[in-house]
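Visitor: Have a look at the structure that comes next, please.
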Amino acid sequence: MSVRTQSSEQPADAVHRAGFACFVGRPNAGKSTLTNALVGQKVAITSNRPQTTRHTVRGIVHRPDAQLVLVDTPGLHKPRTLLGERLNDVVRTTWAEVDVIGFCLPADQKIGPGDRFIAKELAGIKKTPKIAVVTKTDLVDSKALAEQLIAVDQLGKELGITWQEIVPVSATAGQQVGLLADLLIPLMPEGPALYPEGDLTDEPEQVMVAELIREAALEGVRDELPHSIAVVVEEMLPREDRPADKPLLDIHANLYIERSSQKGIVIGPKGKRLKDVGIKSRKQIEALLGTPVFLDLHVKVAKDWQRDPKQLRRLGF
């Protein structure tokens, strides 16, 4: 079993490589946090609740000798709704198209049925190289980490998966994140950069803005509405009649929930919660877009949207 804890030196005449990697793992395995840590900026939404990522968010890591495009997929899980099935289809399509797959398993949780479910699927994808990434290492001691690394090695042997590497990382503590990039890059094909220098993601800005609003909305509603929130940015327009040195971007967005009984939860007493969501997400959006923003938020009911194909399409799934 080869567990990596040190970097390998690049030869001086190294060729340029560019390609796609994706992180997979059950919900809340630390995939989005890892994407953000590798890119060095917030591109994927993170939340301490499972199932927050719905769109394939790509983060782009630029190196002088390489470009690594990270595709962040929703967590694969046993679907209970039409939305769940669509999310799983997105995952499988992505796996078939990337150059390398990083399978994320949290260090602080024993390998469970959800991990096995994904590992079995991975075993069926023969051609794509796979790296096992043991995440959240800051949450365990060295003995527990060693046990998890051995368990991950065993899981591969059991299912006939050859891990190219097994890498322990902590995205929040910034440990071994650079090493992970060093190990992913040699698995990329040789070729020129796929995106211009300076790009961090190819997600349309409206999608990213919607995700930031959704993340802020999820923050406050703890266990009450884990998956029932969708956000659609209806329009983003520069305010007219503003002097060039004082621009303002008007953003009108709708927050959709499934039932009218959930409206009060999202709005909060005297509208306080919705106001907090607006303040929090506006700061993040301004940091992302680099311009002052006026955010107009409305809460609307889209009855049982997770089960309705027409509504799923309208909400961007």
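Chain labels A, B, ... are given in the sequence in which chains occur in the structure tokens; within each chain residues are numbered consecutively from 1, and ligands are likewise numbered from 1 in the order shown.
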Counting only C-alpha atoms, which residues of range 215-258 of chain A fall within 8 Å of range 286-306 of chain A, and what is the closest atom pair for each with its distance in Å at one decimal, ordered by chain and rising number, as a tab-separated table?
Guide:
```
residue	atom	partner	partner_atom	distance
A:Ser228	CA	A:Gln306	CA	7.7
A:Pro247	CA	A:Pro292	CA	6.9
A:Leu248	CA	A:Pro292	CA	5.2
A:Leu249	CA	A:Val293	CA	4.7
A:Asp250	CA	A:Phe294	CA	4.9
A:Ile251	CA	A:Leu295	CA	5.0
A:His252	CA	A:Asp296	CA	4.8
A:Ala253	CA	A:Leu297	CA	5.2
A:Asn254	CA	A:His298	CA	4.9
A:Leu255	CA	A:Val299	CA	4.7
A:Tyr256	CA	A:Lys300	CA	4.9
A:Ile257	CA	A:Val301	CA	5.0
A:Glu258	CA	A:Lys303	CA	4.6
```
Visitor: Range 127-144 of chain A: which residues within 8 Å, counting only C-alpha atoms, same-chain residues fewer than 5 positions away excluded, as a PDB file with all heavy atoms, in the first residue's frame?
Guide:
```pdb
ATOM      1  N   ALA A  29     -18.684  14.232   2.427  1.00  0.00           N
ATOM      2  CA  ALA A  29     -17.358  13.604   2.586  1.00  0.00           C
ATOM      3  C   ALA A  29     -16.233  14.633   2.461  1.00  0.00           C
ATOM      4  O   ALA A  29     -15.061  14.291   2.519  1.00  0.00           O
ATOM      5  CB  ALA A  29     -17.174  12.492   1.554  1.00  0.00           C
ATOM      6  N   GLY A  30     -16.596  15.910   2.245  1.00  0.00           N
ATOM      7  CA  GLY A  30     -15.565  16.956   2.180  1.00  0.00           C
ATOM      8  C   GLY A  30     -15.112  17.308   0.783  1.00  0.00           C
ATOM      9  O   GLY A  30     -14.056  17.906   0.583  1.00  0.00           O
ATOM     10  N   ALA A  96     -17.432   9.165 -16.365  1.00  0.00           N
ATOM     11  CA  ALA A  96     -17.006   8.575 -17.632  1.00  0.00           C
ATOM     12  C   ALA A  96     -16.155   9.552 -18.448  1.00  0.00           C
ATOM     13  O   ALA A  96     -15.470   9.151 -19.376  1.00  0.00           O
ATOM     14  CB  ALA A  96     -18.235   8.155 -18.424  1.00  0.00           C
ATOM     15  N   VAL A  98     -13.897  12.111 -17.130  1.00  0.00           N
ATOM     16  CA  VAL A  98     -12.729  12.760 -16.524  1.00  0.00           C
ATOM     17  C   VAL A  98     -11.468  11.916 -16.700  1.00  0.00           C
ATOM     18  O   VAL A  98     -11.535  10.747 -17.067  1.00  0.00           O
ATOM     19  CB  VAL A  98     -12.958  13.050 -15.019  1.00  0.00           C
ATOM     20  CG1 VAL A  98     -14.080  14.050 -14.828  1.00  0.00           C
ATOM     21  CG2 VAL A  98     -13.233  11.761 -14.246  1.00  0.00           C
ATOM     22  N   ASP A  99     -10.308  12.533 -16.431  1.00  0.00           N
ATOM     23  CA  ASP A  99      -9.023  11.836 -16.570  1.00  0.00           C
ATOM     24  C   ASP A  99      -8.629  11.084 -15.303  1.00  0.00           C
ATOM     25  O   ASP A  99      -7.841  10.143 -15.346  1.00  0.00           O
ATOM     26  CB  ASP A  99      -7.922  12.850 -16.932  1.00  0.00           C
ATOM     27  CG  ASP A  99      -8.236  13.550 -18.243  1.00  0.00           C
ATOM     28  OD1 ASP A  99      -8.310  12.853 -19.270  1.00  0.00           O
ATOM     29  OD2 ASP A  99      -8.452  14.783 -18.228  1.00  0.00           O
ATOM     30  N   VAL A 100      -9.142  11.526 -14.163  1.00  0.00           N
ATOM     31  CA  VAL A 100      -8.832  10.838 -12.903  1.00  0.00           C
ATOM     32  C   VAL A 100      -9.970  11.075 -11.906  1.00  0.00           C
ATOM     33  O   VAL A 100     -10.614  12.120 -11.927  1.00  0.00           O
ATOM     34  CB  VAL A 100      -7.465  11.316 -12.315  1.00  0.00           C
ATOM     35  CG1 VAL A 100      -7.473  12.792 -12.038  1.00  0.00           C
ATOM     36  CG2 VAL A 100      -7.102  10.570 -11.041  1.00  0.00           C
ATOM     37  N   ILE A 101     -10.230  10.065 -11.059  1.00  0.00           N
ATOM     38  CA  ILE A 101     -11.291  10.180 -10.052  1.00  0.00           C
ATOM     39  C   ILE A 101     -10.654  10.155  -8.663  1.00  0.00           C
ATOM     40  O   ILE A 101      -9.837   9.271  -8.363  1.00  0.00           O
ATOM     41  CB  ILE A 101     -12.295   9.003 -10.159  1.00  0.00           C
ATOM     42  CG1 ILE A 101     -13.017   9.029 -11.514  1.00  0.00           C
ATOM     43  CG2 ILE A 101     -13.319   9.038  -9.020  1.00  0.00           C
ATOM     44  CD1 ILE A 101     -13.858   7.799 -11.806  1.00  0.00           C
ATOM     45  N   GLY A 102     -11.006  11.131  -7.826  1.00  0.00           N
ATOM     46  CA  GLY A 102     -10.567  11.123  -6.430  1.00  0.00           C
ATOM     47  C   GLY A 102     -11.731  10.679  -5.564  1.00  0.00           C
ATOM     48  O   GLY A 102     -12.774  11.328  -5.554  1.00  0.00           O
ATOM     49  N   PHE A 103     -11.578   9.556  -4.870  1.00  0.00           N
ATOM     50  CA  PHE A 103     -12.667   9.035  -4.026  1.00  0.00           C
ATOM     51  C   PHE A 103     -12.429   9.520  -2.597  1.00  0.00           C
ATOM     52  O   PHE A 103     -11.447   9.174  -1.967  1.00  0.00           O
ATOM     53  CB  PHE A 103     -12.660   7.499  -4.101  1.00  0.00           C
ATOM     54  CG  PHE A 103     -13.747   6.824  -3.288  1.00  0.00           C
ATOM     55  CD1 PHE A 103     -14.943   7.465  -2.996  1.00  0.00           C
ATOM     56  CD2 PHE A 103     -13.568   5.524  -2.838  1.00  0.00           C
ATOM     57  CE1 PHE A 103     -15.942   6.832  -2.256  1.00  0.00           C
ATOM     58  CE2 PHE A 103     -14.564   4.878  -2.102  1.00  0.00           C
ATOM     59  CZ  PHE A 103     -15.748   5.528  -1.816  1.00  0.00           C
ATOM     60  N   CYS A 104     -13.320  10.387  -2.100  1.00  0.00           N
ATOM     61  CA  CYS A 104     -13.150  11.001  -0.777  1.00  0.00           C
ATOM     62  C   CYS A 104     -13.835  10.175   0.309  1.00  0.00           C
ATOM     63  O   CYS A 104     -15.025   9.888   0.218  1.00  0.00           O
ATOM     64  CB  CYS A 104     -13.741  12.411  -0.777  1.00  0.00           C
ATOM     65  SG  CYS A 104     -12.892  13.529  -1.889  1.00  0.00           S
ATOM     66  N   LEU A 105     -13.057   9.829   1.338  1.00  0.00           N
ATOM     67  CA  LEU A 105     -13.602   9.117   2.497  1.00  0.00           C
ATOM     68  C   LEU A 105     -13.152   9.857   3.748  1.00  0.00           C
ATOM     69  O   LEU A 105     -11.952  10.035   3.965  1.00  0.00           O
ATOM     70  CB  LEU A 105     -13.063   7.678   2.535  1.00  0.00           C
ATOM     71  CG  LEU A 105     -13.407   6.826   1.318  1.00  0.00           C
ATOM     72  CD1 LEU A 105     -12.143   6.509   0.537  1.00  0.00           C
ATOM     73  CD2 LEU A 105     -14.111   5.552   1.741  1.00  0.00           C
ATOM     74  N   PRO A 106     -14.090  10.309   4.588  1.00  0.00           N
ATOM     75  CA  PRO A 106     -13.702  11.062   5.783  1.00  0.00           C
ATOM     76  C   PRO A 106     -12.943  10.190   6.779  1.00  0.00           C
ATOM     77  O   PRO A 106     -13.312   9.037   7.002  1.00  0.00           O
ATOM     78  CB  PRO A 106     -15.030  11.532   6.385  1.00  0.00           C
ATOM     79  CG  PRO A 106     -16.107  11.077   5.473  1.00  0.00           C
ATOM     80  CD  PRO A 106     -15.539  10.166   4.448  1.00  0.00           C
ATOM     81  N   ALA A 107     -11.887  10.746   7.375  1.00  0.00           N
ATOM     82  CA  ALA A 107     -11.054  10.006   8.333  1.00  0.00           C
ATOM     83  C   ALA A 107     -11.808   9.698   9.612  1.00  0.00           C
ATOM     84  O   ALA A 107     -11.499   8.728  10.310  1.00  0.00           O
ATOM     85  CB  ALA A 107      -9.800  10.827   8.652  1.00  0.00           C
ATOM     86  N   ASP A 108     -12.813  10.528   9.931  1.00  0.00           N
ATOM     87  CA  ASP A 108     -13.465  10.385  11.241  1.00  0.00           C
ATOM     88  C   ASP A 108     -14.702   9.491  11.220  1.00  0.00           C
ATOM     89  O   ASP A 108     -15.431   9.410  12.187  1.00  0.00           O
ATOM     90  CB  ASP A 108     -13.853  11.776  11.782  1.00  0.00           C
ATOM     91  CG  ASP A 108     -14.884  12.465  10.899  1.00  0.00           C
ATOM     92  OD1 ASP A 108     -14.904  12.207   9.674  1.00  0.00           O
ATOM     93  OD2 ASP A 108     -15.684  13.250  11.435  1.00  0.00           O
ATOM     94  N   LEU A 149      -6.609   4.388   6.835  1.00  0.00           N
ATOM     95  CA  LEU A 149      -5.812   4.194   5.613  1.00  0.00           C
ATOM     96  C   LEU A 149      -5.746   2.704   5.250  1.00  0.00           C
ATOM     97  O   LEU A 149      -5.866   2.324   4.083  1.00  0.00           O
ATOM     98  CB  LEU A 149      -4.400   4.763   5.804  1.00  0.00           C
ATOM     99  CG  LEU A 149      -4.319   6.295   5.943  1.00  0.00           C
ATOM    100  CD1 LEU A 149      -2.932   6.726   6.412  1.00  0.00           C
ATOM    101  CD2 LEU A 149      -4.671   7.005   4.643  1.00  0.00           C
ATOM    102  N   VAL A 152      -9.120   1.607   3.855  1.00  0.00           N
ATOM    103  CA  VAL A 152      -9.320   2.065   2.467  1.00  0.00           C
ATOM    104  C   VAL A 152      -8.542   1.166   1.502  1.00  0.00           C
ATOM    105  O   VAL A 152      -9.035   0.772   0.444  1.00  0.00           O
ATOM    106  CB  VAL A 152      -8.883   3.543   2.317  1.00  0.00           C
ATOM    107  CG1 VAL A 152      -8.873   3.961   0.859  1.00  0.00           C
ATOM    108  CG2 VAL A 152      -9.809   4.460   3.120  1.00  0.00           C
ATOM    109  N   THR A 162      -7.537  -0.723  -8.104  1.00  0.00           N
ATOM    110  CA  THR A 162      -6.139  -0.379  -7.826  1.00  0.00           C
ATOM    111  C   THR A 162      -6.060   1.115  -7.569  1.00  0.00           C
ATOM    112  O   THR A 162      -6.251   1.917  -8.482  1.00  0.00           O
ATOM    113  CB  THR A 162      -5.243  -0.714  -9.056  1.00  0.00           C
ATOM    114  OG1 THR A 162      -5.507  -2.071  -9.422  1.00  0.00           O
ATOM    115  CG2 THR A 162      -3.773  -0.529  -8.735  1.00  0.00           C
ATOM    116  N   TRP A 163      -5.816   1.519  -6.315  1.00  0.00           N
ATOM    117  CA  TRP A 163      -5.643   2.946  -6.022  1.00  0.00           C
ATOM    118  C   TRP A 163      -4.275   3.372  -6.536  1.00  0.00           C
ATOM    119  O   TRP A 163      -3.265   2.771  -6.185  1.00  0.00           O
ATOM    120  CB  TRP A 163      -5.695   3.220  -4.508  1.00  0.00           C
ATOM    121  CG  TRP A 163      -6.929   2.757  -3.793  1.00  0.00           C
ATOM    122  CD1 TRP A 163      -6.978   1.895  -2.743  1.00  0.00           C
ATOM    123  CD2 TRP A 163      -8.291   3.146  -4.042  1.00  0.00           C
ATOM    124  NE1 TRP A 163      -8.274   1.710  -2.325  1.00  0.00           N
ATOM    125  CE2 TRP A 163      -9.107   2.473  -3.105  1.00  0.00           C
ATOM    126  CE3 TRP A 163      -8.894   3.999  -4.968  1.00  0.00           C
ATOM    127  CZ2 TRP A 163     -10.491   2.610  -3.063  1.00  0.00           C
ATOM    128  CZ3 TRP A 163     -10.269   4.144  -4.932  1.00  0.00           C
ATOM    129  CH2 TRP A 163     -11.062   3.461  -3.994  1.00  0.00           C
ATOM    130  N   GLN A 164      -4.223   4.423  -7.362  1.00  0.00           N
ATOM    131  CA  GLN A 164      -2.920   4.949  -7.794  1.00  0.00           C
ATOM    132  C   GLN A 164      -2.161   5.468  -6.582  1.00  0.00           C
ATOM    133  O   GLN A 164      -0.952   5.352  -6.492  1.00  0.00           O
ATOM    134  CB  GLN A 164      -3.118   6.112  -8.786  1.00  0.00           C
ATOM    135  CG  GLN A 164      -3.867   5.733 -10.038  1.00  0.00           C
ATOM    136  CD  GLN A 164      -2.975   5.088 -11.073  1.00  0.00           C
ATOM    137  OE1 GLN A 164      -1.773   5.299 -11.083  1.00  0.00           O
ATOM    138  NE2 GLN A 164      -3.557   4.273 -11.932  1.00  0.00           N
ATOM    139  N   GLU A 165      -2.896   6.091  -5.671  1.00  0.00           N
ATOM    140  CA  GLU A 165      -2.324   6.631  -4.439  1.00  0.00           C
ATOM    141  C   GLU A 165      -3.412   6.606  -3.374  1.00  0.00           C
ATOM    142  O   GLU A 165      -4.597   6.632  -3.691  1.00  0.00           O
ATOM    143  CB  GLU A 165      -1.909   8.120  -4.609  1.00  0.00           C
ATOM    144  CG  GLU A 165      -1.003   8.418  -5.780  1.00  0.00           C
ATOM    145  CD  GLU A 165       0.469   8.123  -5.495  1.00  0.00           C
ATOM    146  OE1 GLU A 165       0.777   7.735  -4.341  1.00  0.00           O
ATOM    147  OE2 GLU A 165       1.275   8.276  -6.417  1.00  0.00           O
ATOM    148  N   ILE A 166      -2.971   6.595  -2.094  1.00  0.00           N
ATOM    149  CA  ILE A 166      -3.908   6.845  -0.994  1.00  0.00           C
ATOM    150  C   ILE A 166      -3.332   8.058  -0.261  1.00  0.00           C
ATOM    151  O   ILE A 166      -2.199   8.012   0.216  1.00  0.00           O
ATOM    152  CB  ILE A 166      -4.004   5.633  -0.047  1.00  0.00           C
ATOM    153  CG1 ILE A 166      -4.530   4.402  -0.794  1.00  0.00           C
ATOM    154  CG2 ILE A 166      -4.933   5.952   1.129  1.00  0.00           C
ATOM    155  CD1 ILE A 166      -4.557   3.120   0.030  1.00  0.00           C
ATOM    156  N   VAL A 167      -4.095   9.157  -0.251  1.00  0.00           N
ATOM    157  CA  VAL A 167      -3.554  10.413   0.288  1.00  0.00           C
ATOM    158  C   VAL A 167      -4.399  10.927   1.448  1.00  0.00           C
ATOM    159  O   VAL A 167      -5.588  11.201   1.259  1.00  0.00           O
ATOM    160  CB  VAL A 167      -3.543  11.526  -0.797  1.00  0.00           C
ATOM    161  CG1 VAL A 167      -2.625  12.667  -0.379  1.00  0.00           C
ATOM    162  CG2 VAL A 167      -3.144  10.993  -2.142  1.00  0.00           C
ATOM    163  N   PRO A 168      -3.819  11.083   2.644  1.00  0.00           N
ATOM    164  CA  PRO A 168      -4.561  11.734   3.729  1.00  0.00           C
ATOM    165  C   PRO A 168      -4.443  13.256   3.601  1.00  0.00           C
ATOM    166  O   PRO A 168      -3.347  13.774   3.401  1.00  0.00           O
ATOM    167  CB  PRO A 168      -3.838  11.242   4.993  1.00  0.00           C
ATOM    168  CG  PRO A 168      -2.489  10.756   4.546  1.00  0.00           C
ATOM    169  CD  PRO A 168      -2.497  10.588   3.066  1.00  0.00           C
ATOM    170  N   VAL A 169      -5.577  13.961   3.691  1.00  0.00           N
ATOM    171  CA  VAL A 169      -5.529  15.429   3.610  1.00  0.00           C
ATOM    172  C   VAL A 169      -6.474  16.071   4.624  1.00  0.00           C
ATOM    173  O   VAL A 169      -7.450  15.459   5.048  1.00  0.00           O
ATOM    174  CB  VAL A 169      -5.939  15.989   2.213  1.00  0.00           C
ATOM    175  CG1 VAL A 169      -5.086  15.447   1.100  1.00  0.00           C
ATOM    176  CG2 VAL A 169      -7.402  15.743   1.919  1.00  0.00           C
ATOM    177  N   SER A 170      -6.176  17.320   4.981  1.00  0.00           N
ATOM    178  CA  SER A 170      -7.149  18.139   5.704  1.00  0.00           C
ATOM    179  C   SER A 170      -7.284  19.449   4.947  1.00  0.00           C
ATOM    180  O   SER A 170      -6.351  20.246   4.925  1.00  0.00           O
ATOM    181  CB  SER A 170      -6.696  18.420   7.135  1.00  0.00           C
ATOM    182  OG  SER A 170      -7.488  19.469   7.657  1.00  0.00           O
ATOM    183  N   ALA A 171      -8.440  19.642   4.308  1.00  0.00           N
ATOM    184  CA  ALA A 171      -8.657  20.868   3.530  1.00  0.00           C
ATOM    185  C   ALA A 171      -8.771  22.073   4.451  1.00  0.00           C
ATOM    186  O   ALA A 171      -8.258  23.149   4.154  1.00  0.00           O
ATOM    187  CB  ALA A 171      -9.904  20.737   2.669  1.00  0.00           C
ATOM    188  N   THR A 172      -9.412  21.905   5.611  1.00  0.00           N
ATOM    189  CA  THR A 172      -9.602  23.060   6.496  1.00  0.00           C
ATOM    190  C   THR A 172      -8.280  23.482   7.130  1.00  0.00           C
ATOM    191  O   THR A 172      -8.016  24.661   7.303  1.00  0.00           O
ATOM    192  CB  THR A 172     -10.650  22.782   7.604  1.00  0.00           C
ATOM    193  OG1 THR A 172     -10.368  21.510   8.175  1.00  0.00           O
ATOM    194  CG2 THR A 172     -12.064  22.772   7.056  1.00  0.00           C
ATOM    195  N   ALA A 173      -7.413  22.495   7.448  1.00  0.00           N
ATOM    196  CA  ALA A 173      -6.114  22.843   8.054  1.00  0.00           C
ATOM    197  C   ALA A 173      -5.047  23.061   6.976  1.00  0.00           C
ATOM    198  O   ALA A 173      -3.904  23.400   7.277  1.00  0.00           O
ATOM    199  CB  ALA A 173      -5.673  21.741   9.012  1.00  0.00           C
ATOM    200  N   LEU A 187      -1.242  12.439 -13.723  1.00  0.00           N
ATOM    201  CA  LEU A 187      -2.242  11.555 -14.323  1.00  0.00           C
ATOM    202  C   LEU A 187      -3.034  12.248 -15.432  1.00  0.00           C
ATOM    203  O   LEU A 187      -3.886  11.648 -16.072  1.00  0.00           O
ATOM    204  CB  LEU A 187      -3.208  11.049 -13.234  1.00  0.00           C
ATOM    205  CG  LEU A 187      -2.547  10.241 -12.104  1.00  0.00           C
ATOM    206  CD1 LEU A 187      -3.523  10.003 -10.959  1.00  0.00           C
ATOM    207  CD2 LEU A 187      -2.012   8.910 -12.618  1.00  0.00           C
TER     208      LEU A 187
END
```
Visitor: Using only C-alpha atoms, determine which residues lie at most 10 Å from Pro196 in chain A, disregarding the query and same-chain residues fewer than 6 positions distant; provide the list as a list in words.
Guide: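 Residues near the query, excluding close chain neighbours: Ile60, His62 and Gln67 of chain A.
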Visitor: Please, which residues in range 116-213 of chain A fall within 9 Å of range 266-285 of chain A when counting only C-alpha atoms, and what is the closest atom pair and distance in Å to one decimal for each, ordered by chain then residue number, as CSV?
Guide:
```
residue,atom,partner,partner_atom,distance
A:Met208,CA,A:Ile285,CA,8.5
A:Val209,CA,A:Ile285,CA,6.1
A:Leu212,CA,A:Ser281,CA,5.8
A:Ile213,CA,A:Ser281,CA,5.2
```
Visitor: Which residue out of A:Thr94, A:Asn36, A:Thr81, A:Gln206 has the minimum interatomic distance to Val24 in chain A when only C-alpha atoms are used?
Guide: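 Between A:Thr94, A:Asn36, A:Thr81, A:Gln206, the residue approaching Val24 in chain A most closely is A:Thr94.
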Visitor: Between CA of Glu97 in chain A and CA of Gly19 in chain A, measure the distance and give it in Å to one decimal.
Guide: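 Pair CA of Glu97 in chain A / CA of Gly19 in chain A returns 10.3 Å.
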Visitor: Using only C-alpha atoms, which of the listed residues (A:Pro79, A:Gly114, A:Leu38, A:Arg17) sits closest to Gly174 in chain A?
Guide: A:Leu38
Visitor: Between CA of Leu68 in chain A and CA of Ala181 in chain A, measure the distance and give it in Å to one decimal.
Guide: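 According to the coordinates, CA of Leu68 in chain A and CA of Ala181 in chain A are separated by 8.0 Å.
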Visitor: For the structure I just gave you, how does DSSP split range 34-165 of chain A - specifically, which residues are helix (DSSP H, G or I)? Reply as a PDB file with C-alpha atoms, in the first residue's frame.
Guide:
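Once everything was written out, this is out26.pdb:
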```pdb
ATOM      1  CA  LEU A  34     -11.319  20.161  -0.896  1.00  0.00           C
ATOM      2  CA  THR A  35     -12.125  21.773  -4.266  1.00  0.00           C
ATOM      3  CA  ASN A  36     -12.055  25.217  -2.633  1.00  0.00           C
ATOM      4  CA  ALA A  37      -8.756  24.491  -0.857  1.00  0.00           C
ATOM      5  CA  LEU A  38      -7.076  23.325  -4.073  1.00  0.00           C
ATOM      6  CA  VAL A  39      -8.268  26.326  -6.069  1.00  0.00           C
ATOM      7  CA  LEU A  82     -36.677  12.162  -9.231  1.00  0.00           C
ATOM      8  CA  LEU A  83     -34.179  14.878  -8.234  1.00  0.00           C
ATOM      9  CA  GLY A  84     -32.077  12.179  -6.566  1.00  0.00           C
ATOM     10  CA  GLU A  85     -32.083  10.063  -9.731  1.00  0.00           C
ATOM     11  CA  ARG A  86     -31.099  13.051 -11.887  1.00  0.00           C
ATOM     12  CA  LEU A  87     -28.225  13.868  -9.513  1.00  0.00           C
ATOM     13  CA  ASN A  88     -26.943  10.281  -9.717  1.00  0.00           C
ATOM     14  CA  ASP A  89     -27.071  10.410 -13.541  1.00  0.00           C
ATOM     15  CA  VAL A  90     -24.991  13.605 -13.444  1.00  0.00           C
ATOM     16  CA  VAL A  91     -22.390  11.801 -11.319  1.00  0.00           C
ATOM     17  CA  ARG A  92     -22.087   8.767 -13.598  1.00  0.00           C
ATOM     18  CA  THR A  93     -21.830  10.877 -16.753  1.00  0.00           C
ATOM     19  CA  THR A  94     -19.064  12.927 -15.127  1.00  0.00           C
ATOM     20  CA  TRP A  95     -17.074   9.839 -14.078  1.00  0.00           C
ATOM     21  CA  ALA A  96     -17.006   8.575 -17.632  1.00  0.00           C
ATOM     22  CA  GLU A  97     -15.534  11.845 -18.957  1.00  0.00           C
ATOM     23  CA  PRO A 113     -22.628   1.056   3.159  1.00  0.00           C
ATOM     24  CA  GLY A 114     -22.707   4.436   1.360  1.00  0.00           C
ATOM     25  CA  ASP A 115     -18.955   4.252   0.688  1.00  0.00           C
ATOM     26  CA  ARG A 116     -19.238   0.638  -0.513  1.00  0.00           C
ATOM     27  CA  PHE A 117     -22.123   1.567  -2.808  1.00  0.00           C
ATOM     28  CA  ILE A 118     -19.872   4.152  -4.518  1.00  0.00           C
ATOM     29  CA  ALA A 119     -16.750   1.947  -4.486  1.00  0.00           C
ATOM     30  CA  LYS A 120     -18.689  -0.832  -6.288  1.00  0.00           C
ATOM     31  CA  GLU A 121     -19.717   1.661  -8.976  1.00  0.00           C
ATOM     32  CA  LEU A 122     -16.091   2.822  -9.257  1.00  0.00           C
ATOM     33  CA  ALA A 123     -14.892  -0.759  -9.635  1.00  0.00           C
ATOM     34  CA  THR A 137      -7.585  14.209   8.974  1.00  0.00           C
ATOM     35  CA  ASP A 138      -7.540  17.123  11.447  1.00  0.00           C
ATOM     36  CA  LEU A 139     -10.456  15.457  13.265  1.00  0.00           C
ATOM     37  CA  SER A 142      -2.625   9.269  14.152  1.00  0.00           C
ATOM     38  CA  LYS A 143      -3.792   5.801  15.286  1.00  0.00           C
ATOM     39  CA  ALA A 144      -7.347   6.308  13.956  1.00  0.00           C
ATOM     40  CA  LEU A 145      -5.903   7.740  10.722  1.00  0.00           C
ATOM     41  CA  ALA A 146      -3.625   4.715  10.244  1.00  0.00           C
ATOM     42  CA  GLU A 147      -6.598   2.386  10.754  1.00  0.00           C
ATOM     43  CA  GLN A 148      -8.654   4.282   8.177  1.00  0.00           C
ATOM     44  CA  LEU A 149      -5.812   4.194   5.613  1.00  0.00           C
ATOM     45  CA  ILE A 150      -5.539   0.406   6.032  1.00  0.00           C
ATOM     46  CA  ALA A 151      -9.346   0.054   5.727  1.00  0.00           C
ATOM     47  CA  VAL A 152      -9.320   2.065   2.467  1.00  0.00           C
ATOM     48  CA  ASP A 153      -6.502  -0.102   1.099  1.00  0.00           C
ATOM     49  CA  GLN A 154      -8.496  -3.238   2.019  1.00  0.00           C
ATOM     50  CA  LEU A 155     -11.662  -1.881   0.387  1.00  0.00           C
ATOM     51  CA  GLY A 156      -9.745  -1.479  -2.896  1.00  0.00           C
ATOM     52  CA  LYS A 157      -8.340  -5.035  -2.710  1.00  0.00           C
ATOM     53  CA  GLU A 158     -11.760  -6.458  -1.904  1.00  0.00           C
ATOM     54  CA  LEU A 159     -13.428  -4.861  -4.933  1.00  0.00           C
TER      55      LEU A 159
END
```
Visitor: Report the distance between CA of Phe23 in chain A and CA of Val71 in chain A in Å, rounded to one decimal place.
Guide: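 Spanning CA of Phe23 in chain A to CA of Val71 in chain A is a straight-line distance of 7.0 Å.
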Visitor: Would you give me, as a ChimeraX atom specification, the residues in range 129-310 of chain A that DSSP reads as strand (DSSP E or B)?
Guide: /A:130-135,163-168,170,175,190,230-238,249-257,293-301
